[in-house]
Amino acid sequence: MTRIQLFREMYEMSCHNLRCYSESYLMNKPKVGYTKQWKKENEKIELLKELIEEEKNREKNCKYNQILNEYPNIQYLVKNSNGSLLAGTYRLEDAKETAEVYKKEYLKDPLNNKLDIYVCDKQGKNIYVAEGKKSCIKNEEKEELE
């Protein structure tokens, strides 16, 4: 069992408890006499959401660090807005080209067309966002309007 699995199990149990202590399935009001328990479960749920997100980010950063340790010359990482690492490059120009290629592919895919593609440096600072086909379409529309 991983930490995320444990946190999710705890989260699901707290959600169940909150439903039990709630007046309705909306879970926005406690049952009479259960206010203290209802508030406590609400707090647990919020904390567990934060823990799950922190753990996801920690795992992603760990993967990035492993790659950077294996390939110390890599200067730029190409990743999507879900945090998935797509490529690593030595030159910024190559990273930008790679990001644009991925963005064009993502735009064709209905499941991924909302994802952004970023180029970041070794420290994780975003330095470029791929435009893909959307920028071309916008330019054509502007030209037609003029």
# chains A, B, ... in the order shown; residues from 1 in each chain; ligands from 1

call {"tool": "residues_around", "arguments": {"residues": "stretch 62-78 of chain A", "least_positions_apart": "6", "cutoff": "12 Å", "atoms": "only C-alpha atoms", "output": "ChimeraX atom specification"}}
result
/A:55-56,84-103,116-130

call {"tool": "select_by_dssp", "arguments": {"residues": "stretch 7-146 of chain A", "states": "strand (DSSP E)", "output": "VMD selection string"}}
result
chain A and resid 76 to 80 85 to 89 117 to 121 126 to 129

call {"tool": "atom_distance", "arguments": {"atom1": "atom CA of A:Leu26", "atom2": "atom CA of A:Leu6"}}
result
25.3 Å

call {"tool": "closest_residue", "arguments": {"among": "A:Cys20, A:Met13, A:Leu115, A:Met1", "to": "A:Lys44", "atoms": "only C-alpha atoms"}}
result
A:Met13

call {"tool": "residues_around", "arguments": {"residues": "A:Leu47", "least_positions_apart": "5", "cutoff": "12 Å", "atoms": "only C-alpha atoms", "output": "number ranges by chain"}}
result
A: 7-8, 10-11, 14, 40-42, 52-54

call {"tool": "select_by_dssp", "arguments": {"residues": "stretch 3-135 of chain A", "states": "alpha helix (DSSP H)", "output": "PyMOL selection string"}}
result
chain A and resi 3-21+35-70+92-108+133-135

call {"tool": "atom_distance", "arguments": {"atom1": "atom CA of A:Asn80", "atom2": "atom CA of A:Glu12"}}
result
28.3 Å

call {"tool": "closest_residue", "arguments": {"among": "A:Glu23, A:Glu59, A:Glu131, A:Glu43", "to": "A:Asn113", "atoms": "only C-alpha atoms"}}
result
A:Glu131

call {"tool": "atom_distance", "arguments": {"atom1": "atom CA of A:Asp109", "atom2": "atom CA of A:Lys60"}}
result
23.7 Å
